[in-house]
Amino acid sequence: MNFIQNLPVPENLLYAIAGVFALLTVATVIVAIMRRGKEPEDHLELWLRVKSWWYMISIFTFAIVINRTLSIVFLGLISFLALKEYLSMIPTRRADRRVLFWAYIAIPIQYYWVYAGWYGMFIIFIPIWVFLFLPFRMVLQGETQGFLRAIGTLNWGLMMTVFSLSHAAFLLVLPETALSTDYPVFDKSGAALLFLLVLLTQFNDVAQYVWGRLIGGPKIIPKVSPGKTWAGFLGGMFSTALLSLALAPYLSPMSLLMAGLAGAIISFSGFIGDVTISAVKRDLRVKDTGNTIPGHGGLLDRIDSLTYTAPIFFHFLRYFYY
Amino acid sequence: MLNKLLRTLFFLLIVRPLVLLGLGLNIRNRMGLPSKGPAVIVANHNSHLDTLVILSLFPLALLPRLRPVAAADYFLRNPLLAWFATKIIGIIPVARSQKGGNPLALSFEALSRDEILIIFPEGSRGTPEELTRFKKGVALISKKHPEVPIIPLFLHGLGKALPRGEAVFVPFFCDVFVGSPQTWEGNKEQFMQQLEEQMAGLAEQGNFPLWD
C-alpha cells in the first residue's frame, strides 16, 4: 500500500486506470470469441488492434504513473516520433537537411519549458522563436526553389506534432491553486487531467468508428474521409460527453455541466484533428502514416485527434480554472 | 573474446536503439531474409548507416556470422579505424585496386565458414538516394559458390539521414525491401542484369516522397 501512496497520482486515477484495463479485457475476450473456430485471417486486423491497445495503454499507464519527469520525457518522445514520421512522409529538399535538424532540436527545448513550468516561454517558443528562426536558417542555405512549400510544411508539422502535443504535457504542471486566489482549485495531480484528455480522445475515436459502423447513413466529408458519417460523429459526441460526465468530476476540477461540455468539445476537436491528418494522407496518396503500430498504422494515425484535442482541452481548462 | 563482447554490446546498446528510435524501420518481406549462412546480401549504398541497419535486421545470435564486405583503402587507413571496422563492425576488407592475389579470397573463405556476406555492388555511397551501375564482384562470388543464395535488399531513407560528406545525423524513417533469392546460372552478364532489374523493381515498390 505504501508504494501506491507514494505514486504521484491520486487514488481516483488508479481506479479509473483499472477501469480502462477491465474494459480492454472485455474487448479482448469479445474479439477472441469472434475469432474462435475461424481462420486465423478472420478479424486479424481487429485482433492486432486490440493487442496494440494493450501495449499502448500499458506503456502510457507506466509513463504517467511513475513520476512527472518520466511523463514529460515520454510525451517529448511521442512528439519526436510523430515529427519523424511526418518529415519522412512529406516531400523535403536536400538543401534543408540541417534545417530539419534544428526543427528536431526544438523538441527538447519545448519540453524543457514544460518541465520548468514556464508557461510564458512554453506558449511563445514555437509560434514566435522557432517559426521565425527556421525560415532564417533556410534562407542561409540559399535555395529559393520550393522555399515556400518547404517552410510551410515544416512549420505546420511542428505545430501539429510538437506545439499541439506539448499542451498535453503542460497539463501535468498546471498549478494547484487558482491564480487570483489561494484556494486550491484542484488538489490532485495533473496526471489525472492528462489521463482524462487521452482517454476521452481515444474513446471518442473508437466511439465515432463504432457508431458509424452500426448506423451508417449520410457521410460528412466523403472527399477527405469516406468512413466518417453523421451518425458516427453525433453518436461519438454523445458517448464521449457521457463518459466525461461520469469521470471528469472525479479526475478534474470540473463541475457536471462543464464536464459534459468538455466531452463534447473533445469529441468535436478530435474529429477535426482526425480529418486534418486524413487530408494530409490523401494529398500524399498514402493510406497510413506508417506501420509502427500493428493494426493501427503509424503513430500519427493514432494521435491525429490528439493534435487538436490537447491544445483545445488545455485552454478550456486553463481559462475556466487556472 | 573481448572484441566479440564489445561487438555484441555495441550493437545491443548503441546501434539497435539508434536504428529503432533515431531512424525506425519499415520492412517489406522480412521473411525473405536468410535465417542462417551461407548467404549473400546485396544492397544499394547511400550512407554509412546502411551497414548498421542491415546488421540490425538479423537476430543478435547471428551477429558473429554477419560480414560486411568493405573497401580496405578506406576502412584500414589508420589503426584505430581498422580495429573498429574489422573487430566491431566485422568487415571483410577488399582491395579496390588490384595488385596480385584475389581480392575476393577472404570473402570466399567466409562463405565456406557459413557466414553471411553483405555487399554493396555500387562500390561507393555516391549521390544520396540514387542507384548507380553495379560492379561485377558479386557475380564472381556467385560463380565460385553457386549454391549460395544471393538476396537483394533495397534501402531508402538513409541517404537523407546521413549522406556522404555530412557529419550531422537527421532522423528519417528507413524503408527496407527484401527481394527474392537468386542463384548462379552460368552467365555473368545475365546474372548482373537480373540483379539490377530486381533492385530497380524493389525500388519501384516504394511510394517515396519527393526529395529534391
# chains A, B, ... in the order shown; residues from 1 in each chain; ligands from 1
$ interface_residues --of "chain A" --to "chain B" --cutoff "7 Å" --atoms "only C-alpha atoms" --output "PyMOL selection string"
chain A and resi 84-85+88-94+97+101+291
$ residues_around --residues "stretch 192-194 of chain A" --least-positions-apart "3" --cutoff "7 Å" --atoms "only C-alpha atoms" --output "PDB file with all heavy atoms, in the first residue's frame"
ATOM      1  N   LEU A  13      -7.461   8.243  -9.856  1.00  0.00           N
ATOM      2  CA  LEU A  13      -6.880   7.944 -11.161  1.00  0.00           C
ATOM      3  C   LEU A  13      -6.572   6.460 -11.282  1.00  0.00           C
ATOM      4  O   LEU A  13      -6.796   5.848 -12.330  1.00  0.00           O
ATOM      5  CB  LEU A  13      -5.613   8.778 -11.377  1.00  0.00           C
ATOM      6  CG  LEU A  13      -4.848   8.501 -12.680  1.00  0.00           C
ATOM      7  CD1 LEU A  13      -5.735   8.682 -13.887  1.00  0.00           C
ATOM      8  CD2 LEU A  13      -3.631   9.405 -12.788  1.00  0.00           C
ATOM      9  N   ALA A 168      -0.520  18.704 -23.977  1.00  0.00           N
ATOM     10  CA  ALA A 168      -0.910  17.560 -23.142  1.00  0.00           C
ATOM     11  C   ALA A 168       0.054  17.456 -21.965  1.00  0.00           C
ATOM     12  O   ALA A 168      -0.351  17.190 -20.835  1.00  0.00           O
ATOM     13  CB  ALA A 168      -0.898  16.279 -23.968  1.00  0.00           C
ATOM     14  N   LEU A 171      -0.448  19.977 -19.054  1.00  0.00           N
ATOM     15  CA  LEU A 171      -1.492  19.647 -18.073  1.00  0.00           C
ATOM     16  C   LEU A 171      -0.870  19.143 -16.776  1.00  0.00           C
ATOM     17  O   LEU A 171      -1.412  19.340 -15.686  1.00  0.00           O
ATOM     18  CB  LEU A 171      -2.425  18.569 -18.629  1.00  0.00           C
ATOM     19  CG  LEU A 171      -3.392  18.966 -19.751  1.00  0.00           C
ATOM     20  CD1 LEU A 171      -4.070  17.719 -20.299  1.00  0.00           C
ATOM     21  CD2 LEU A 171      -4.434  19.948 -19.220  1.00  0.00           C
ATOM     22  N   LEU A 172       0.304  18.469 -16.917  1.00  0.00           N
ATOM     23  CA  LEU A 172       0.950  17.863 -15.752  1.00  0.00           C
ATOM     24  C   LEU A 172       1.464  18.903 -14.777  1.00  0.00           C
ATOM     25  O   LEU A 172       1.620  18.630 -13.588  1.00  0.00           O
ATOM     26  CB  LEU A 172       2.133  17.000 -16.213  1.00  0.00           C
ATOM     27  CG  LEU A 172       1.789  15.732 -16.983  1.00  0.00           C
ATOM     28  CD1 LEU A 172       3.039  15.191 -17.654  1.00  0.00           C
ATOM     29  CD2 LEU A 172       1.198  14.710 -16.042  1.00  0.00           C
ATOM     30  N   SER A 189      -3.108  15.452  -8.791  1.00  0.00           N
ATOM     31  CA  SER A 189      -2.027  15.569  -9.762  1.00  0.00           C
ATOM     32  C   SER A 189      -2.543  15.857 -11.162  1.00  0.00           C
ATOM     33  O   SER A 189      -3.645  15.464 -11.552  1.00  0.00           O
ATOM     34  CB  SER A 189      -1.235  14.269  -9.767  1.00  0.00           C
ATOM     35  OG  SER A 189      -0.841  13.942 -11.045  1.00  0.00           O
ATOM     36  N   LEU A 197      -7.771  13.602 -20.706  1.00  0.00           N
ATOM     37  CA  LEU A 197      -7.670  14.060 -22.097  1.00  0.00           C
ATOM     38  C   LEU A 197      -7.454  12.889 -23.053  1.00  0.00           C
ATOM     39  O   LEU A 197      -8.156  12.741 -24.060  1.00  0.00           O
ATOM     40  CB  LEU A 197      -6.501  15.056 -22.227  1.00  0.00           C
ATOM     41  CG  LEU A 197      -6.034  15.331 -23.667  1.00  0.00           C
ATOM     42  CD1 LEU A 197      -7.062  16.156 -24.417  1.00  0.00           C
ATOM     43  CD2 LEU A 197      -4.682  16.021 -23.678  1.00  0.00           C
ATOM     44  N   VAL A 198      -6.462  12.054 -22.722  1.00  0.00           N
ATOM     45  CA  VAL A 198      -6.115  10.966 -23.641  1.00  0.00           C
ATOM     46  C   VAL A 198      -7.234   9.939 -23.700  1.00  0.00           C
ATOM     47  O   VAL A 198      -7.619   9.465 -24.777  1.00  0.00           O
ATOM     48  CB  VAL A 198      -4.771  10.321 -23.228  1.00  0.00           C
ATOM     49  CG1 VAL A 198      -4.479   9.090 -24.066  1.00  0.00           C
ATOM     50  CG2 VAL A 198      -3.647  11.341 -23.376  1.00  0.00           C
ATOM     51  N   LEU A 251     -11.857  13.360 -11.605  1.00  0.00           N
ATOM     52  CA  LEU A 251     -10.455  13.463 -12.016  1.00  0.00           C
ATOM     53  C   LEU A 251     -10.018  14.906 -12.283  1.00  0.00           C
ATOM     54  O   LEU A 251      -8.853  15.145 -12.576  1.00  0.00           O
ATOM     55  CB  LEU A 251     -10.225  12.639 -13.291  1.00  0.00           C
ATOM     56  CG  LEU A 251     -10.419  11.127 -13.151  1.00  0.00           C
ATOM     57  CD1 LEU A 251     -10.342  10.450 -14.500  1.00  0.00           C
ATOM     58  CD2 LEU A 251      -9.372  10.541 -12.212  1.00  0.00           C
ATOM     59  N   SER A 252     -10.954  15.845 -12.236  1.00  0.00           N
ATOM     60  CA  SER A 252     -10.590  17.221 -12.598  1.00  0.00           C
ATOM     61  C   SER A 252     -11.418  18.180 -11.757  1.00  0.00           C
ATOM     62  O   SER A 252     -12.346  17.765 -11.074  1.00  0.00           O
ATOM     63  CB  SER A 252     -10.899  17.439 -14.078  1.00  0.00           C
ATOM     64  OG  SER A 252     -12.292  17.605 -14.243  1.00  0.00           O
TER      65      SER A 252
END
$ residues_around --residues "A:Pro8" --least-positions-apart "2" --cutoff "12 Å" --atoms "only C-alpha atoms" --output "list in words"
Phe3, Ile4, Gln5, Asn6, Pro10, Glu11, Asn12, Leu13, Leu14, Phe62, Ala63, Ile64, Val65, Ile66, Asn67, Arg68, Thr69, Leu70, Ser71, Leu172, Asp187, Lys188, Ser189, Gly190, Ala191 and Ala192 of chain A
$ select_by_dssp --residues "stretch 32-177 of chain B" --states "strand (DSSP E)" --output "list in words"
Ala39, Val40, Ile41, Val42, Ala43, Leu66, Arg67, Pro68, Val69, Ala70, Ala71, Ile92, Pro93, Val94, Ile116, Leu117, Ile118, Ile119, Ile150, Ile151, Pro152, Leu153, Phe154, Leu155, His156, Cys174, Asp175, Val176 and Phe177 of chain B
$ select_by_dssp --residues "chain B" --states "alpha helix (DSSP H)" --output "PyMOL selection string"
chain B and resi 2-9+16-17+49-56+72-75+79-83+105-112+137-144+158-161+188-205
$ residues_around --residues "stretch 137-139 of chain B" --least-positions-apart "4" --cutoff "12 Å" --atoms "only C-alpha atoms" --output "count of residues only"
46
$ closest_residue --among "A:Ala82, A:Gly263, A:Val206, A:Val224" --to "A:Leu165" --atoms "only C-alpha atoms"
A:Ala82
$ closest_residue --among "B:Arg113, B:Asp73, B:Pro17, B:Gly179" --to "B:Ser97" --atoms "only C-alpha atoms"
B:Asp73
$ residues_around --residues "B:Val15" --least-positions-apart "4" --cutoff "12 Å" --atoms "only C-alpha atoms" --output "PyMOL selection string"
chain B and resi 7-11+19-24+49-57+60+88-89
$ closest_residue --among "B:Gly201, B:Pro34, B:Gly165, B:Pro79" --to "B:Thr127" --atoms "only C-alpha atoms"
B:Gly165
$ residues_around --residues "A:Ile266" --least-positions-apart "2" --cutoff "10 Å" --atoms "only C-alpha atoms" --output "list in words"
Leu197, Val198, Leu200, Thr201, Gln202, Asn204, Met237, Thr240, Ala241, Ser244, Gly260, Leu261, Ala262, Gly263, Ala264, Phe268, Ser269, Gly270, Phe271, Ile272, Ser305, Leu306, Tyr308, Thr309, Ala310, Ile312 and Phe313 of chain A
$ atom_distance --atom1 "atom CA of A:Met258" --atom2 "atom CA of A:Tyr111"
28.7 Å
